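Pasting my_file.cif here (mmCIF, N, CA and C atoms):
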```cif
data_upload
loop_
_atom_site.group_PDB
_atom_site.id
_atom_site.type_symbol
_atom_site.label_atom_id
_atom_site.label_comp_id
_atom_site.auth_asym_id
_atom_site.auth_seq_id
_atom_site.Cartn_x
_atom_site.Cartn_y
_atom_site.Cartn_z
ATOM 1 N N MET A 22 68.577 169.298 92.821
ATOM 2 C CA MET A 22 69.542 168.916 91.800
ATOM 3 C C MET A 22 68.876 167.957 90.818
ATOM 4 N N SER A 23 69.289 168.020 89.588
ATOM 5 C CA SER A 23 68.696 167.171 88.564
ATOM 6 C C SER A 23 69.128 165.722 88.749
ATOM 7 N N ARG A 24 68.389 164.853 88.115
ATOM 8 C CA ARG A 24 68.708 163.428 88.210
ATOM 9 C C ARG A 24 70.077 163.130 87.598
ATOM 10 N N LEU A 25 70.415 163.793 86.510
ATOM 11 C CA LEU A 25 71.714 163.577 85.874
ATOM 12 C C LEU A 25 72.854 163.928 86.827
ATOM 13 N N GLY A 26 72.702 165.015 87.566
ATOM 14 C CA GLY A 26 73.723 165.399 88.533
ATOM 15 C C GLY A 26 73.868 164.383 89.647
ATOM 16 N N ASP A 27 72.752 163.801 90.090
ATOM 17 C CA ASP A 27 72.806 162.787 91.139
ATOM 18 C C ASP A 27 73.543 161.538 90.667
ATOM 19 N N VAL A 28 73.268 161.124 89.433
ATOM 20 C CA VAL A 28 73.923 159.931 88.899
ATOM 21 C C VAL A 28 75.421 160.172 88.745
ATOM 22 N N THR A 29 75.788 161.344 88.241
ATOM 23 C CA THR A 29 77.203 161.666 88.072
ATOM 24 C C THR A 29 77.910 161.714 89.419
ATOM 25 N N ARG A 30 77.258 162.290 90.404
ATOM 26 C CA ARG A 30 77.857 162.362 91.738
ATOM 27 C C ARG A 30 78.034 160.965 92.325
ATOM 28 N N ARG A 31 77.070 160.079 92.110
ATOM 29 C CA ARG A 31 77.177 158.717 92.627
ATOM 30 C C ARG A 31 78.339 157.981 91.965
ATOM 31 N N ARG A 32 78.497 158.145 90.660
ATOM 32 C CA ARG A 32 79.625 157.508 89.972
ATOM 33 C C ARG A 32 80.949 158.035 90.503
ATOM 34 N N LEU A 33 81.006 159.334 90.744
ATOM 35 C CA LEU A 33 82.232 159.923 91.278
ATOM 36 C C LEU A 33 82.568 159.326 92.641
ATOM 37 N N TRP A 34 81.564 159.144 93.500
ATOM 38 C CA TRP A 34 81.798 158.550 94.811
ATOM 39 C C TRP A 34 82.225 157.091 94.687
ATOM 40 N N LEU A 35 81.664 156.360 93.717
ATOM 41 C CA LEU A 35 82.060 154.963 93.526
ATOM 42 C C LEU A 35 83.523 154.856 93.109
ATOM 43 N N ILE A 36 83.932 155.694 92.165
ATOM 44 C CA ILE A 36 85.325 155.663 91.714
ATOM 45 C C ILE A 36 86.259 156.103 92.832
ATOM 46 N N THR A 37 85.867 157.155 93.561
ATOM 47 C CA THR A 37 86.696 157.631 94.674
ATOM 48 C C THR A 37 86.839 156.549 95.740
ATOM 49 N N GLY A 38 85.747 155.878 96.059
ATOM 50 C CA GLY A 38 85.793 154.796 97.042
ATOM 51 C C GLY A 38 86.691 153.653 96.601
ATOM 52 N N ALA A 39 86.616 153.296 95.323
ATOM 53 C CA ALA A 39 87.473 152.228 94.804
ATOM 54 C C ALA A 39 88.942 152.631 94.851
ATOM 55 N N MET A 40 89.219 153.905 94.567
ATOM 56 C CA MET A 40 90.605 154.379 94.619
ATOM 57 C C MET A 40 91.138 154.362 96.045
ATOM 58 N N VAL A 41 90.307 154.735 97.008
ATOM 59 C CA VAL A 41 90.728 154.706 98.411
ATOM 60 C C VAL A 41 91.002 153.269 98.846
ATOM 61 N N LEU A 42 90.130 152.340 98.453
ATOM 62 C CA LEU A 42 90.357 150.937 98.802
ATOM 63 C C LEU A 42 91.634 150.401 98.156
ATOM 64 N N ALA A 43 91.889 150.798 96.916
ATOM 65 C CA ALA A 43 93.118 150.358 96.249
ATOM 66 C C ALA A 43 94.346 150.905 96.964
ATOM 67 N N ALA A 44 94.295 152.170 97.367
ATOM 68 C CA ALA A 44 95.425 152.762 98.087
ATOM 69 C C ALA A 44 95.628 152.085 99.438
ATOM 70 N N LEU A 45 94.537 151.782 100.130
ATOM 71 C CA LEU A 45 94.630 151.101 101.423
ATOM 72 C C LEU A 45 95.228 149.705 101.263
ATOM 73 N N ALA A 46 94.748 148.966 100.271
ATOM 74 C CA ALA A 46 95.283 147.621 100.042
ATOM 75 C C ALA A 46 96.753 147.673 99.658
ATOM 76 N N THR A 47 97.136 148.677 98.878
ATOM 77 C CA THR A 47 98.542 148.819 98.496
ATOM 78 C C THR A 47 99.405 149.151 99.700
ATOM 79 N N GLY A 48 98.937 150.056 100.550
ATOM 80 C CA GLY A 48 99.684 150.411 101.756
ATOM 81 C C GLY A 48 99.877 149.225 102.674
ATOM 82 N N ILE A 49 98.829 148.456 102.875
ATOM 83 C CA ILE A 49 98.943 147.269 103.727
ATOM 84 C C ILE A 49 99.866 146.245 103.068
ATOM 85 N N GLY A 50 99.759 146.117 101.734
ATOM 86 C CA GLY A 50 100.645 145.197 101.023
ATOM 87 C C GLY A 50 102.101 145.583 101.167
ATOM 88 N N LEU A 51 102.391 146.888 101.105
ATOM 89 C CA LEU A 51 103.770 147.348 101.283
ATOM 90 C C LEU A 51 104.261 147.071 102.695
ATOM 91 N N LEU A 52 103.403 147.274 103.681
ATOM 92 C CA LEU A 52 103.799 146.999 105.064
ATOM 93 C C LEU A 52 104.037 145.510 105.291
ATOM 94 N N GLN A 53 103.293 144.668 104.585
ATOM 95 C CA GLN A 53 103.441 143.222 104.737
ATOM 96 C C GLN A 53 104.558 142.663 103.858
ATOM 97 N N GLY A 54 105.172 143.503 103.038
ATOM 98 C CA GLY A 54 106.240 143.047 102.169
ATOM 99 C C GLY A 54 105.742 142.313 100.930
ATOM 100 N N TYR A 55 104.492 142.481 100.594
ATOM 101 C CA TYR A 55 103.891 141.840 99.423
ATOM 102 C C TYR A 55 104.074 140.328 99.421
ATOM 103 N N ASP A 56 104.085 139.723 100.595
ATOM 104 C CA ASP A 56 104.165 138.272 100.653
ATOM 105 C C ASP A 56 102.880 137.686 101.231
ATOM 106 N N SER A 57 101.807 138.440 101.136
ATOM 107 C CA SER A 57 100.549 137.978 101.705
ATOM 108 C C SER A 57 99.424 138.169 100.697
ATOM 109 N N ILE A 58 98.227 137.896 101.128
ATOM 110 C CA ILE A 58 97.049 138.039 100.284
ATOM 111 C C ILE A 58 96.796 139.499 99.933
ATOM 112 N N TRP A 59 97.382 140.427 100.686
ATOM 113 C CA TRP A 59 97.166 141.853 100.403
ATOM 114 C C TRP A 59 97.755 142.255 99.061
ATOM 115 N N SER A 60 98.810 141.575 98.623
ATOM 116 C CA SER A 60 99.371 141.903 97.312
ATOM 117 C C SER A 60 98.377 141.552 96.206
ATOM 118 N N VAL A 61 97.695 140.434 96.357
ATOM 119 C CA VAL A 61 96.666 140.053 95.389
ATOM 120 C C VAL A 61 95.502 141.032 95.464
ATOM 121 N N GLY A 62 95.120 141.420 96.676
ATOM 122 C CA GLY A 62 94.036 142.384 96.848
ATOM 123 C C GLY A 62 94.364 143.730 96.237
ATOM 124 N N ALA A 63 95.599 144.174 96.395
ATOM 125 C CA ALA A 63 96.003 145.456 95.814
ATOM 126 C C ALA A 63 95.972 145.392 94.294
ATOM 127 N N PHE A 64 96.434 144.297 93.735
ATOM 128 C CA PHE A 64 96.418 144.145 92.282
ATOM 129 C C PHE A 64 94.991 144.146 91.753
ATOM 130 N N LEU A 65 94.110 143.407 92.397
ATOM 131 C CA LEU A 65 92.714 143.365 91.961
ATOM 132 C C LEU A 65 92.027 144.712 92.151
ATOM 133 N N ALA A 66 92.369 145.417 93.219
ATOM 134 C CA ALA A 66 91.772 146.735 93.450
ATOM 135 C C ALA A 66 92.197 147.718 92.366
ATOM 136 N N PHE A 67 93.463 147.688 91.968
ATOM 137 C CA PHE A 67 93.911 148.574 90.897
ATOM 138 C C PHE A 67 93.271 148.207 89.563
ATOM 139 N N LEU A 68 93.070 146.917 89.311
ATOM 140 C CA LEU A 68 92.356 146.519 88.101
ATOM 141 C C LEU A 68 90.927 147.039 88.123
ATOM 142 N N LEU A 69 90.283 146.980 89.281
ATOM 143 C CA LEU A 69 88.922 147.488 89.414
ATOM 144 C C LEU A 69 88.865 148.981 89.155
ATOM 145 N N VAL A 70 89.792 149.727 89.732
ATOM 146 C CA VAL A 70 89.820 151.181 89.527
ATOM 147 C C VAL A 70 90.065 151.503 88.054
ATOM 148 N N ALA A 71 90.986 150.794 87.432
ATOM 149 C CA ALA A 71 91.264 151.050 86.015
ATOM 150 C C ALA A 71 90.050 150.737 85.151
ATOM 151 N N ALA A 72 89.379 149.639 85.444
ATOM 152 C CA ALA A 72 88.196 149.279 84.664
ATOM 153 C C ALA A 72 87.074 150.290 84.861
ATOM 154 N N MET A 73 86.842 150.700 86.103
ATOM 155 C CA MET A 73 85.776 151.671 86.374
ATOM 156 C C MET A 73 86.095 153.012 85.736
ATOM 157 N N SER A 74 87.336 153.447 85.825
ATOM 158 C CA SER A 74 87.715 154.734 85.241
ATOM 159 C C SER A 74 87.590 154.696 83.723
ATOM 160 N N GLY A 75 88.043 153.624 83.112
ATOM 161 C CA GLY A 75 87.916 153.493 81.667
ATOM 162 C C GLY A 75 86.470 153.454 81.224
ATOM 163 N N TYR A 76 85.649 152.765 81.989
ATOM 164 C CA TYR A 76 84.224 152.689 81.664
ATOM 165 C C TYR A 76 83.571 154.064 81.761
ATOM 166 N N GLU A 77 83.894 154.793 82.810
ATOM 167 C CA GLU A 77 83.294 156.118 82.987
ATOM 168 C C GLU A 77 83.789 157.099 81.933
ATOM 169 N N LEU A 78 85.051 156.997 81.536
ATOM 170 C CA LEU A 78 85.572 157.900 80.510
ATOM 171 C C LEU A 78 84.976 157.596 79.141
ATOM 172 N N SER A 79 84.608 156.338 78.912
ATOM 173 C CA SER A 79 84.055 155.978 77.608
ATOM 174 C C SER A 79 82.587 156.352 77.473
ATOM 175 N N ARG A 80 81.923 156.675 78.553
ATOM 176 C CA ARG A 80 80.492 157.013 78.504
ATOM 177 C C ARG A 80 80.272 158.430 78.093
#
```
As structure tokens, what does this structure read like?
Amino acid sequence: MSRLGDVTRRRLWLITGAMVLAALATGIGLLQGYDSIWSVGAFLAFLLVAAMSGYELSR
């Protein structure tokens, strides 16, 4: 596979991993009633996913 394909695949895995972490943090936050640190973690994870997705779409 070409180098360009490897880089694109790596970016896809990074975004997918960030989305999974955001979903996990949100699920735990919902189970905890959003009265714990998980609510902050879920918010930051979604900001990270949005920033990464926007960055990748702009490239």
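For the atom pair formed by atom C of Ala46 of chain A and atom N of Ile58 of chain A, the distance is 10.0 Å, given to one decimal.
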Distance query Ala63 of chain A at most 9 Å, only C-alpha atoms, self and fewer than 2 positions along chain excluded, as a list in words: Leu42, Ala43, Ala44, Leu45, Ala46, Thr47, Gly48, Ile49, Gly50, Ile58, Trp59, Ser60, Val61, Leu65, Ala66, Phe67 and Leu68 of chain A
As an exercise, work out the distance from atom CA of Thr29 of chain A to atom CA of Tyr76 of chain A in Å and give it to one decimal place. 13.1 Å
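Here atom C of Ser74 of chain A and atom CA of Arg31 of chain A stand 14.3 Å from one another.
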Could you state which residues are captured by the PyMOL selection byres (((chain A and resi 36 and name CA) around 10) and name CA) in this file, as a ChimeraX atom specification? /A:31-35,37-42,69-74,77
How big is the axis-aligned box around all listed atoms of segment 37-45 of chain A once 3 Å goes on each side, and where's its centre, in Å to one decimal, as lines of an AutoDock Vina configuration file?
```
center_x = 90.7
center_y = 153.7
center_z = 97.5
size_x = 15.9
size_y = 13.9
size_z = 13.9
```
